[in-house]
>>> print(open('entry-v8.txt').read())   # compact mmCIF, C-alpha atoms
# COMPACT_ATOMS: atom_id res chain seq x y z
CA MET A 68 -27.52 46.26 -21.44
CA SER A 69 -30.61 44.21 -20.66
CA GLU A 70 -31.29 42.63 -17.27
CA THR A 71 -31.04 39.16 -18.81
CA THR A 72 -27.60 39.92 -20.23
CA ILE A 73 -26.41 41.23 -16.85
CA LYS A 74 -27.63 38.05 -15.14
CA PHE A 75 -25.91 35.93 -17.79
CA ALA A 76 -22.59 37.75 -17.40
CA PHE A 77 -22.77 37.64 -13.63
CA SER A 78 -23.53 33.90 -13.42
CA SER A 79 -20.81 33.15 -15.99
CA ARG A 80 -18.21 35.06 -13.93
CA VAL A 81 -19.29 33.42 -10.66
CA LEU A 82 -19.18 29.88 -12.09
CA ARG A 83 -15.86 30.51 -13.85
CA ASP A 84 -14.14 31.80 -10.71
CA MET A 85 -15.36 29.02 -8.40
CA SER A 86 -12.60 26.73 -7.13
CA SER A 87 -15.00 23.78 -7.06
CA ALA A 88 -15.84 21.86 -10.20
CA VAL A 89 -19.24 22.97 -11.51
CA LEU A 90 -21.29 21.47 -14.30
CA VAL A 91 -24.68 22.76 -15.50
CA LEU A 92 -27.18 20.61 -17.42
CA ASP A 93 -30.49 21.58 -18.96
CA LYS A 94 -33.70 19.70 -18.27
CA LYS A 95 -32.93 17.19 -21.04
CA GLY A 96 -29.52 16.31 -19.61
CA ARG A 97 -27.56 18.31 -22.18
CA ILE A 98 -24.40 20.13 -21.14
CA ALA A 99 -25.05 23.85 -20.72
CA TYR A 100 -21.89 24.97 -18.94
CA VAL A 101 -18.62 23.51 -17.61
CA ASN A 102 -16.19 25.59 -15.53
CA GLY A 103 -12.42 25.15 -15.55
CA PRO A 104 -11.96 22.66 -12.65
CA ALA A 105 -14.80 20.47 -13.96
CA ALA A 106 -13.44 20.57 -17.51
CA ARG A 107 -10.00 19.40 -16.35
CA MET A 108 -11.34 16.49 -14.31
CA LEU A 109 -14.06 15.39 -16.70
CA GLU A 110 -11.75 16.01 -19.68
CA VAL A 111 -14.24 18.11 -21.67
CA SER A 112 -14.06 21.61 -23.09
CA GLU A 113 -14.65 24.55 -20.76
CA GLY A 114 -17.39 27.20 -21.01
CA TYR A 115 -20.96 27.43 -22.28
CA ARG A 116 -21.98 24.73 -24.73
CA GLU A 117 -24.32 25.13 -27.66
CA ASP A 118 -23.74 21.76 -29.34
CA SER A 119 -26.58 20.00 -27.46
CA THR A 120 -24.25 17.22 -26.31
CA ARG A 121 -25.90 14.93 -23.78
CA PHE A 122 -23.82 14.47 -20.70
CA SER A 123 -24.26 10.67 -20.80
CA LEU A 124 -22.47 10.52 -24.17
CA ILE A 125 -19.15 11.75 -22.76
CA THR A 126 -19.31 9.45 -19.70
CA GLU A 127 -20.60 6.33 -21.42
CA ASN A 128 -18.70 3.33 -20.01
CA ASP A 129 -19.51 0.65 -17.45
CA TYR A 130 -17.29 2.23 -14.81
CA ASN A 131 -19.39 5.42 -14.85
CA ASP A 132 -22.77 3.72 -14.44
CA SER A 133 -23.15 4.92 -10.85
CA PHE A 134 -22.11 8.44 -11.86
CA ASN A 135 -24.68 8.60 -14.65
CA GLU A 136 -27.41 7.10 -12.48
CA ALA A 137 -26.82 9.83 -9.89
CA ILE A 138 -27.25 12.49 -12.60
CA PHE A 139 -30.44 10.91 -13.96
CA ASP A 140 -31.83 10.54 -10.46
CA ALA A 141 -31.29 14.25 -9.82
CA LEU A 142 -32.95 15.16 -13.14
CA TYR A 143 -36.03 13.09 -12.32
CA HIS A 144 -36.33 14.24 -8.69
CA LYS A 145 -36.17 17.97 -9.10
CA GLU A 146 -37.52 18.76 -5.66
CA GLU A 147 -34.59 17.13 -3.84
CA THR A 148 -30.95 18.13 -3.39
CA LYS A 149 -28.80 15.08 -4.02
CA VAL A 150 -25.44 14.62 -2.28
CA GLY A 151 -23.29 11.51 -2.44
CA LYS A 152 -19.96 9.95 -3.43
CA VAL A 153 -19.64 8.41 -6.88
CA PRO A 154 -16.73 6.92 -8.88
CA TYR A 155 -15.77 8.40 -12.24
CA MET A 156 -13.29 7.46 -14.96
CA ALA A 157 -12.25 10.05 -17.54
CA ALA A 158 -11.55 9.25 -21.18
CA SER A 159 -7.81 9.02 -20.42
CA GLY A 160 -8.47 6.23 -17.92
CA ARG A 161 -7.79 8.31 -14.82
CA LYS A 162 -10.13 7.40 -11.98
CA TYR A 163 -11.73 9.71 -9.42
CA VAL A 164 -14.08 9.59 -6.48
CA PHE A 165 -16.33 12.66 -6.46
CA LEU A 166 -18.49 14.08 -3.73
CA MET A 167 -21.40 15.15 -5.93
CA SER A 168 -24.03 17.72 -4.99
CA CYS A 169 -26.96 18.24 -7.39
CA SER A 170 -29.36 21.17 -7.06
CA TYR A 171 -32.17 21.97 -9.47
CA LEU A 172 -32.81 25.62 -10.34
CA ALA A 173 -36.47 26.24 -11.09
CA GLU A 174 -37.62 27.76 -14.33
CA THR A 175 -37.88 31.58 -14.45
CA GLU A 176 -39.22 34.04 -17.04
CA ASP A 177 -35.78 34.37 -18.58
CA GLU A 178 -34.22 30.91 -18.15
CA GLU A 179 -35.19 27.27 -18.45
CA PRO A 180 -34.76 24.97 -15.43
CA GLN A 181 -31.18 23.80 -14.98
CA LEU A 182 -29.38 21.20 -12.88
CA VAL A 183 -26.27 22.57 -11.16
CA ILE A 184 -23.77 19.84 -10.25
CA THR A 185 -20.86 20.56 -7.91
CA LEU A 186 -18.02 18.02 -7.79
CA SER A 187 -15.38 17.81 -5.05
CA ASP A 188 -12.42 15.52 -5.67
CA GLU A 189 -12.35 12.99 -2.81
CA THR A 190 -10.04 10.54 -4.58
CA GLU A 191 -7.04 11.01 -2.29
CA ALA A 192 -9.14 10.95 0.87
CA GLU A 193 -10.92 7.78 -0.25
CA GLU A 194 -7.60 6.15 -1.11
CA MET A 195 -6.23 6.97 2.34
CA LYS A 196 -9.41 5.61 3.91
CA ARG A 197 -9.10 2.41 1.86
CA LYS A 198 -5.49 1.92 2.89
CA PHE A 199 -6.30 2.54 6.55
CA ASN A 200 -9.19 0.06 6.52
CA ASP A 201 -7.18 -2.60 4.67
CA SER A 202 -4.15 -2.11 6.90
CA SER A 203 -6.22 -2.23 10.09
CA LYS A 204 -7.90 -5.44 8.94
CA THR A 205 -4.61 -7.03 7.87
CA PHE A 206 -2.63 -6.13 10.98
CA THR A 207 -5.46 -7.27 13.28
CA ALA A 208 -5.42 -10.66 11.55
CA PHE A 209 -1.63 -10.78 11.85
CA LEU A 210 -1.72 -10.01 15.59
CA PHE A 211 -4.19 -12.84 16.09
CA ALA A 212 -1.91 -15.26 14.20
CA PHE A 213 1.17 -13.93 16.02
CA CYS A 214 -0.42 -14.55 19.43
CA VAL A 215 -1.32 -18.10 18.39
CA TRP A 216 2.28 -18.66 17.29
CA MET A 217 3.62 -17.33 20.64
CA LEU A 218 1.26 -19.63 22.57
CA PHE A 219 2.51 -22.53 20.48
CA TYR A 220 6.10 -21.49 21.26
CA ALA A 221 5.31 -21.49 25.00
CA LEU A 222 3.86 -25.00 24.67
CA TRP A 223 6.95 -26.10 22.73
CA GLU A 224 9.19 -24.82 25.53
CA MET A 225 7.04 -26.42 28.25
CA LEU A 226 7.27 -29.81 26.51
CA GLY A 227 11.08 -29.52 26.44
CA ARG A 228 11.44 -28.60 22.77
CA PRO A 229 10.24 -31.94 21.36
CA PHE A 230 11.28 -31.03 17.80
CA SER A 231 13.99 -28.83 16.26
CA THR A 232 13.93 -25.08 15.86
CA ASP A 233 13.60 -25.57 12.08
CA TYR A 234 9.95 -26.49 12.54
CA MET A 235 9.34 -23.30 14.51
CA THR A 236 10.85 -21.33 11.62
CA HIS A 237 8.60 -23.20 9.21
CA GLY A 238 5.71 -22.00 11.36
CA VAL A 239 6.69 -18.41 10.55
CA GLU A 240 6.79 -19.30 6.86
CA LEU A 241 3.32 -20.85 7.12
CA LEU A 242 2.13 -17.65 8.79
CA GLY A 243 3.39 -15.65 5.81
CA ILE A 244 1.58 -17.86 3.29
CA VAL A 245 -1.66 -17.71 5.29
CA MET A 246 -1.42 -13.91 5.50
CA LEU A 247 -0.91 -13.63 1.72
CA PHE A 248 -4.12 -15.58 1.03
CA TYR A 249 -5.96 -13.60 3.70
CA ILE A 250 -4.92 -10.26 2.16
CA LEU A 251 -5.84 -11.29 -1.38
CA LYS A 252 -9.24 -12.59 -0.26
CA ASN A 253 -10.29 -9.96 2.30
CA THR A 254 -8.72 -6.67 1.22
CA SER A 255 -8.43 -4.54 -1.90
CA MET A 256 -4.63 -4.35 -1.64
CA THR A 257 -2.74 -4.56 -4.90
CA TRP A 258 0.61 -6.21 -5.55
CA LYS A 259 2.09 -2.71 -5.49
CA ASP A 260 0.58 -2.08 -2.03
CA LEU A 261 2.30 -5.27 -0.85
CA GLY A 262 5.66 -4.20 -2.27
CA ILE A 263 5.71 -7.12 -4.69
CA GLY A 264 7.21 -6.14 -8.03
CA THR A 265 9.17 -3.10 -9.11
CA SER A 266 9.39 -0.92 -12.20
CA LYS A 267 13.20 -0.74 -11.89
CA PRO A 268 14.33 -4.31 -11.04
CA TRP A 269 17.98 -3.91 -12.10
CA LYS A 270 18.44 -0.75 -10.07
CA THR A 271 16.83 -2.46 -7.08
CA ILE A 272 19.07 -5.51 -7.43
CA ARG A 273 22.21 -3.38 -7.87
CA VAL A 274 21.55 -1.41 -4.69
CA ALA A 275 20.64 -4.60 -2.80
CA LEU A 276 23.89 -6.30 -3.85
CA ILE A 277 25.92 -3.31 -2.64
CA VAL A 278 24.13 -3.40 0.72
CA ALA A 279 24.55 -7.18 0.89
CA ALA A 280 28.31 -6.85 0.23
CA CYS A 281 28.56 -4.33 3.06
CA ALA A 282 26.63 -6.73 5.32
CA PHE A 283 29.04 -9.54 4.48
CA LEU A 284 32.05 -7.30 5.21
CA PHE A 285 30.45 -6.27 8.51
CA LEU A 286 30.08 -9.93 9.56
CA VAL A 287 33.70 -10.66 8.60
CA LEU A 288 34.97 -7.73 10.69
CA LEU A 289 32.63 -8.67 13.54
CA LYS A 290 33.94 -12.23 13.66
CA ALA A 291 37.57 -11.11 13.36
CA GLY A 292 37.10 -8.63 16.21
CA ALA A 293 35.31 -11.19 18.35
CA ARG A 294 38.12 -13.71 17.81
CA LEU A 295 40.65 -11.16 19.04
CA VAL A 296 38.69 -10.67 22.26
CA LYS A 297 37.63 -14.30 22.72
CA PRO A 298 39.61 -16.72 20.49
CA ASN A 299 37.35 -19.72 21.13
CA CYS A 300 34.11 -18.09 19.96
CA PHE A 301 32.28 -19.04 16.78
CA GLU A 302 33.46 -22.65 16.46
CA PRO A 303 37.23 -22.15 16.86
CA ASN A 304 38.06 -25.51 15.22
CA ALA A 305 36.19 -24.65 12.03
CA PRO A 306 37.65 -22.56 9.17
CA PHE A 307 37.13 -18.79 9.35
CA LEU A 308 34.98 -19.08 6.20
CA ASP A 309 33.68 -22.59 5.53
CA ILE A 310 32.55 -22.75 1.89
CA LYS A 311 31.61 -26.43 2.35
CA ARG A 312 28.60 -25.33 4.37
CA PHE A 313 26.97 -23.95 1.27
CA GLY A 314 24.53 -26.54 -0.05
CA VAL A 315 20.90 -27.31 -0.78
CA ARG A 316 19.79 -25.93 2.57
CA GLN A 317 21.31 -22.52 1.85
CA ILE A 318 19.76 -22.46 -1.62
CA ALA A 319 16.37 -23.36 -0.13
CA TYR A 320 16.85 -20.51 2.33
CA ILE A 321 15.96 -18.19 -0.56
CA ALA A 322 12.31 -19.19 -0.06
CA THR A 323 12.54 -18.69 3.71
CA ALA A 324 14.08 -15.24 3.30
CA GLY A 325 11.38 -14.22 0.81
CA VAL A 326 8.48 -15.31 3.01
CA GLN A 327 9.99 -13.71 6.11
CA GLU A 328 10.48 -10.42 4.29
CA PHE A 329 6.90 -10.56 3.08
CA VAL A 330 5.78 -10.90 6.72
CA ALA A 331 8.16 -8.21 7.98
CA ARG A 332 7.63 -5.64 5.20
CA SER A 333 4.32 -6.26 3.39
CA VAL A 334 2.34 -7.45 6.41
CA MET A 335 3.96 -5.54 9.27
CA GLN A 336 5.95 -2.47 8.20
CA GLY A 337 3.76 -1.36 5.29
CA ASN A 338 0.50 -1.70 7.22
CA LEU A 339 1.89 -0.16 10.40
CA ARG A 340 2.95 2.87 8.37
CA ASN A 341 -0.67 3.34 7.28
CA ILE A 342 -2.28 3.02 10.72
CA ILE A 343 0.25 4.57 13.12
CA SER A 344 -0.63 8.11 14.10
CA SER A 345 2.62 9.90 14.87
CA LYS A 346 4.88 12.63 13.56
CA HIS A 347 7.14 10.05 11.89
CA PRO A 348 5.03 6.96 11.08
CA GLN A 349 7.74 5.46 8.84
CA VAL A 350 10.29 5.44 11.68
CA ALA A 351 7.77 4.03 14.15
CA ALA A 352 6.77 1.33 11.66
CA ILE A 353 10.41 0.28 11.11
CA ILE A 354 11.12 0.05 14.85
CA LEU A 355 7.93 -1.80 15.79
CA SER A 356 8.08 -4.24 12.87
CA SER A 357 11.75 -4.96 13.69
CA LEU A 358 10.88 -5.78 17.31
CA ILE A 359 8.03 -8.07 16.25
CA PHE A 360 10.32 -9.72 13.68
CA ALA A 361 12.84 -10.33 16.45
CA ALA A 362 10.10 -11.86 18.63
CA LEU A 363 9.34 -14.32 15.84
CA HIS A 364 12.91 -15.63 16.33
CA ILE A 365 12.58 -16.16 20.07
CA HIS A 366 13.22 -19.89 19.63
CA PHE A 367 16.84 -19.06 18.66
CA GLY A 368 17.60 -17.16 21.87
CA PHE A 369 18.30 -13.60 22.98
CA LEU A 370 21.46 -12.83 20.99
CA PHE A 371 19.90 -14.09 17.75
CA MET A 372 16.83 -11.94 18.44
CA VAL A 373 19.02 -8.85 18.87
CA GLY A 374 20.77 -9.59 15.59
CA ALA A 375 17.42 -10.17 13.87
CA ALA A 376 16.12 -6.83 15.17
CA ILE A 377 19.19 -4.95 13.90
CA LEU A 378 19.03 -6.65 10.50
CA ALA A 379 15.28 -5.97 10.26
CA GLY A 380 15.85 -2.31 11.10
CA LEU A 381 18.44 -1.88 8.35
CA GLU A 382 16.25 -3.72 5.86
CA GLY A 383 13.32 -1.59 6.95
CA ILE A 384 15.21 1.53 5.91
CA LEU A 385 16.05 -0.04 2.54
CA TYR A 386 12.40 -1.02 2.08
CA GLU A 387 11.25 2.55 2.73
CA LYS A 388 13.65 3.72 0.01
CA GLN A 389 12.71 1.09 -2.58
CA GLN A 390 9.09 0.29 -1.62
CA ASN A 391 9.39 -3.35 -2.68
CA ILE A 392 10.60 -6.55 -1.04
CA LEU A 393 12.97 -7.65 -3.82
CA GLY A 394 15.94 -5.69 -2.46
CA VAL A 395 15.48 -6.67 1.19
CA TRP A 396 14.88 -10.26 0.11
CA ILE A 397 18.34 -10.37 -1.48
CA VAL A 398 20.00 -8.72 1.53
CA HIS A 399 18.25 -11.11 3.94
CA TRP A 400 19.36 -14.18 2.01
CA VAL A 401 22.97 -13.02 1.62
CA PHE A 402 23.17 -12.07 5.31
CA GLY A 403 21.81 -15.45 6.44
CA VAL A 404 24.08 -17.47 4.15
CA SER A 405 27.11 -15.34 5.07
CA GLY A 406 26.47 -15.95 8.77
CA THR A 407 26.34 -19.68 8.09
CA LEU A 408 29.54 -19.78 6.03
CA LEU A 409 31.31 -17.72 8.70
CA CYS A 410 30.16 -20.29 11.29
CA MET A 411 28.30 -17.60 13.22
CA ILE A 412 24.82 -19.05 12.82
CA ASP A 413 23.49 -22.45 11.86
CA HIS A 414 20.94 -22.37 9.00
>>> encode(input="entry-v8.txt", output="structure tokens")
Amino acid sequence: MSETTIKFAFSSRVLRDMSSAVLVLDKKGRIAYVNGPAARMLEVSEGYREDSTRFSLITENDYNDSFNEAIFDALYHKEETKVGKVPYMAASGRKYVFLMSCSYLAETEDEEPQLVITLSDETEAEEMKRKFNDSSKTFTAFLFAFCVWMLFYALWEMLGRPFSTDYMTHGVELLGIVMLFYILKNTSMTWKDLGIGTSKPWKTIRVALIVAACAFLFLVLLKAGARLVKPNCFEPNAPFLDIKRFGVRQIAYIATAGVQEFVARSVMQGNLRNIISSKHPQVAAIILSSLIFAALHIHFGFLFMVGAAILAGLEGILYEKQQNILGVWIVHWVFGVSGTLLCMIDH
């Protein structure tokens, strides 16, 4: 066996057994070798190539411009080792972020010069980084807006509550709308990241209606038990369940419930989950977002805030299961309307 053959067999075995993705190009940019990990990610055939296929032909699309430019740059600057992150989209449409390292092997007596490209898949790490940055930016903006709202509440109290609590609630709704525009303009969050939309709407609605029915039954039992202890509580002269209270205001409450759940889940809980560093970030996010949600109802008093915190906690659990706001939106609306019809709250 010649020395050249031994070198060939040895390099082939080393490249094949490497866990990193490795691609080898000749000096004209033609594919010379692709190992298994590289073949799977780039969606090309594995092994040594003798078909003289230029690498740019299998990556030719606008999304891969940066990827191809990095390869060409390495081919033209042979004396430098190039390292950097580049996006890549395979033929199937799957997208990656690669940490690319390009090293040029000089020409020898037996072999032509070759460019060895090592690719490390950084897609998941980059996605986590993106979510952390977007969530940090979003929650910082929300905290600023929340503090402004609390200062306005303090002024409202100092002036002797010059207008009704409805306007304070509308302030929370305005906060939600402002946050939606802020997120769409200043972050790369998708509708899926915000929990808006679901691939299984009927399943989501079915589960939400079951939870809502349980919430209604809980309020009925709570009022019945409270009446046994204190007969004159919850408007004793009104019917136990006053259907006449259902009207335009309760129908319009659908919009209020939706915006409030967007603030509580998409803005608070979802982003807190991404930035909290703890053993159980989901639990911490549910608790903290529920407390902040309760604080946004401070204009209704302590008992209402406690009820809002409990409701937000239960909805937070449902949101973690479903990962969209449709289900918690339904539960929120049914809970609010049920409390009104049972004469427990005034919406």
>>> atom_distance(input="entry-v8.txt", atom1="atom CA of Ala362 of chain A", atom2="atom CA of Tyr220 of chain A")
10.8 Å
>>> atom_distance(input="entry-v8.txt", atom1="atom CA of Lys259 of chain A", atom2="atom CA of Val215 of chain A")
28.6 Å
>>> closest_residue(input="entry-v8.txt", among="A:Ile412, A:Leu288, A:Val183, A:Leu381", to="Ala99 of chain A", atoms="all atoms listed in the file")
A:Val183
>>> closest_residue(input="entry-v8.txt", among="A:Val287, A:Met156, A:Leu393, A:Ala375", to="Ser357 of chain A", atoms="all atoms listed in the file")
A:Ala375
>>> closest_residue(input="entry-v8.txt", among="A:Ala105, A:Leu182, A:Leu286, A:Ile277", to="Ile138 of chain A", atoms="only C-alpha atoms")
A:Leu182
>>> atom_distance(input="entry-v8.txt", atom1="atom CA of Thr271 of chain A", atom2="atom CA of Gly243 of chain A")
22.8 Å
>>> closest_residue(input="entry-v8.txt", among="A:Phe283, A:Gln389, A:Asn200, A:Met335", to="Ser266 of chain A", atoms="only C-alpha atoms")
A:Gln389
>>> residues_around(input="entry-v8.txt", residues="segment 224-230 of chain A", least_positions_apart="5", cutoff="12 Å", atoms="all atoms listed in the file", output="list in words")
Met217, Leu218, Phe219, Met235, Thr236, His237, Ile365, His366, Phe367 and Gly368 of chain A
>>> build_atoms(input="entry-v8.txt", residues="segment 182-201 of chain A", atoms="N, CA and C atoms", output="mmCIF file, keeping the file's coordinate frame")
data_model
loop_
_atom_site.group_PDB
_atom_site.id
_atom_site.type_symbol
_atom_site.label_atom_id
_atom_site.label_comp_id
_atom_site.auth_asym_id
_atom_site.auth_seq_id
_atom_site.Cartn_x
_atom_site.Cartn_y
_atom_site.Cartn_z
ATOM 1 N N LEU A 182 -29.934 22.002 -13.971
ATOM 2 C CA LEU A 182 -29.380 21.200 -12.880
ATOM 3 C C LEU A 182 -27.927 21.623 -12.669
ATOM 4 N N VAL A 183 -27.632 22.143 -11.483
ATOM 5 C CA VAL A 183 -26.270 22.570 -11.160
ATOM 6 C C VAL A 183 -25.599 21.457 -10.357
ATOM 7 N N ILE A 184 -24.497 20.957 -10.879
ATOM 8 C CA ILE A 184 -23.770 19.840 -10.250
ATOM 9 C C ILE A 184 -22.418 20.345 -9.766
ATOM 10 N N THR A 185 -22.152 20.186 -8.492
ATOM 11 C CA THR A 185 -20.860 20.560 -7.910
ATOM 12 C C THR A 185 -20.099 19.290 -7.560
ATOM 13 N N LEU A 186 -18.846 19.215 -7.999
ATOM 14 C CA LEU A 186 -18.020 18.020 -7.790
ATOM 15 C C LEU A 186 -16.796 18.380 -6.949
ATOM 16 N N SER A 187 -16.594 17.655 -5.861
ATOM 17 C CA SER A 187 -15.380 17.810 -5.050
ATOM 18 C C SER A 187 -14.563 16.529 -5.174
ATOM 19 N N ASP A 188 -13.282 16.685 -5.471
ATOM 20 C CA ASP A 188 -12.420 15.520 -5.670
ATOM 21 C C ASP A 188 -12.052 14.891 -4.327
ATOM 22 N N GLU A 189 -12.606 13.715 -4.055
ATOM 23 C CA GLU A 189 -12.350 12.990 -2.810
ATOM 24 C C GLU A 189 -11.463 11.771 -3.047
ATOM 25 N N THR A 190 -10.811 11.730 -4.197
ATOM 26 C CA THR A 190 -10.040 10.540 -4.580
ATOM 27 C C THR A 190 -8.944 10.227 -3.573
ATOM 28 N N GLU A 191 -8.148 11.236 -3.225
ATOM 29 C CA GLU A 191 -7.040 11.010 -2.290
ATOM 30 C C GLU A 191 -7.544 10.615 -0.918
ATOM 31 N N ALA A 192 -8.589 11.283 -0.446
ATOM 32 C CA ALA A 192 -9.140 10.950 0.870
ATOM 33 C C ALA A 192 -9.699 9.535 0.899
ATOM 34 N N GLU A 193 -10.371 9.131 -0.179
ATOM 35 C CA GLU A 193 -10.920 7.780 -0.250
ATOM 36 C C GLU A 193 -9.809 6.738 -0.323
ATOM 37 N N GLU A 194 -8.722 7.073 -1.028
ATOM 38 C CA GLU A 194 -7.600 6.150 -1.110
ATOM 39 C C GLU A 194 -6.946 5.963 0.257
ATOM 40 N N MET A 195 -6.795 7.055 0.998
ATOM 41 C CA MET A 195 -6.230 6.970 2.340
ATOM 42 C C MET A 195 -7.151 6.161 3.260
ATOM 43 N N LYS A 196 -8.440 6.358 3.118
ATOM 44 C CA LYS A 196 -9.410 5.610 3.910
ATOM 45 C C LYS A 196 -9.332 4.117 3.583
ATOM 46 N N ARG A 197 -9.213 3.811 2.276
ATOM 47 C CA ARG A 197 -9.100 2.410 1.860
ATOM 48 C C ARG A 197 -7.862 1.755 2.438
ATOM 49 N N LYS A 198 -6.735 2.470 2.362
ATOM 50 C CA LYS A 198 -5.490 1.920 2.890
ATOM 51 C C LYS A 198 -5.569 1.715 4.393
ATOM 52 N N PHE A 199 -6.180 2.674 5.093
ATOM 53 C CA PHE A 199 -6.300 2.540 6.550
ATOM 54 C C PHE A 199 -7.160 1.333 6.908
ATOM 55 N N ASN A 200 -8.291 1.184 6.235
ATOM 56 C CA ASN A 200 -9.190 0.060 6.520
ATOM 57 C C ASN A 200 -8.519 -1.275 6.211
ATOM 58 N N ASP A 201 -7.858 -1.359 5.046
ATOM 59 C CA ASP A 201 -7.180 -2.600 4.670
ATOM 60 C C ASP A 201 -6.044 -2.922 5.629
#
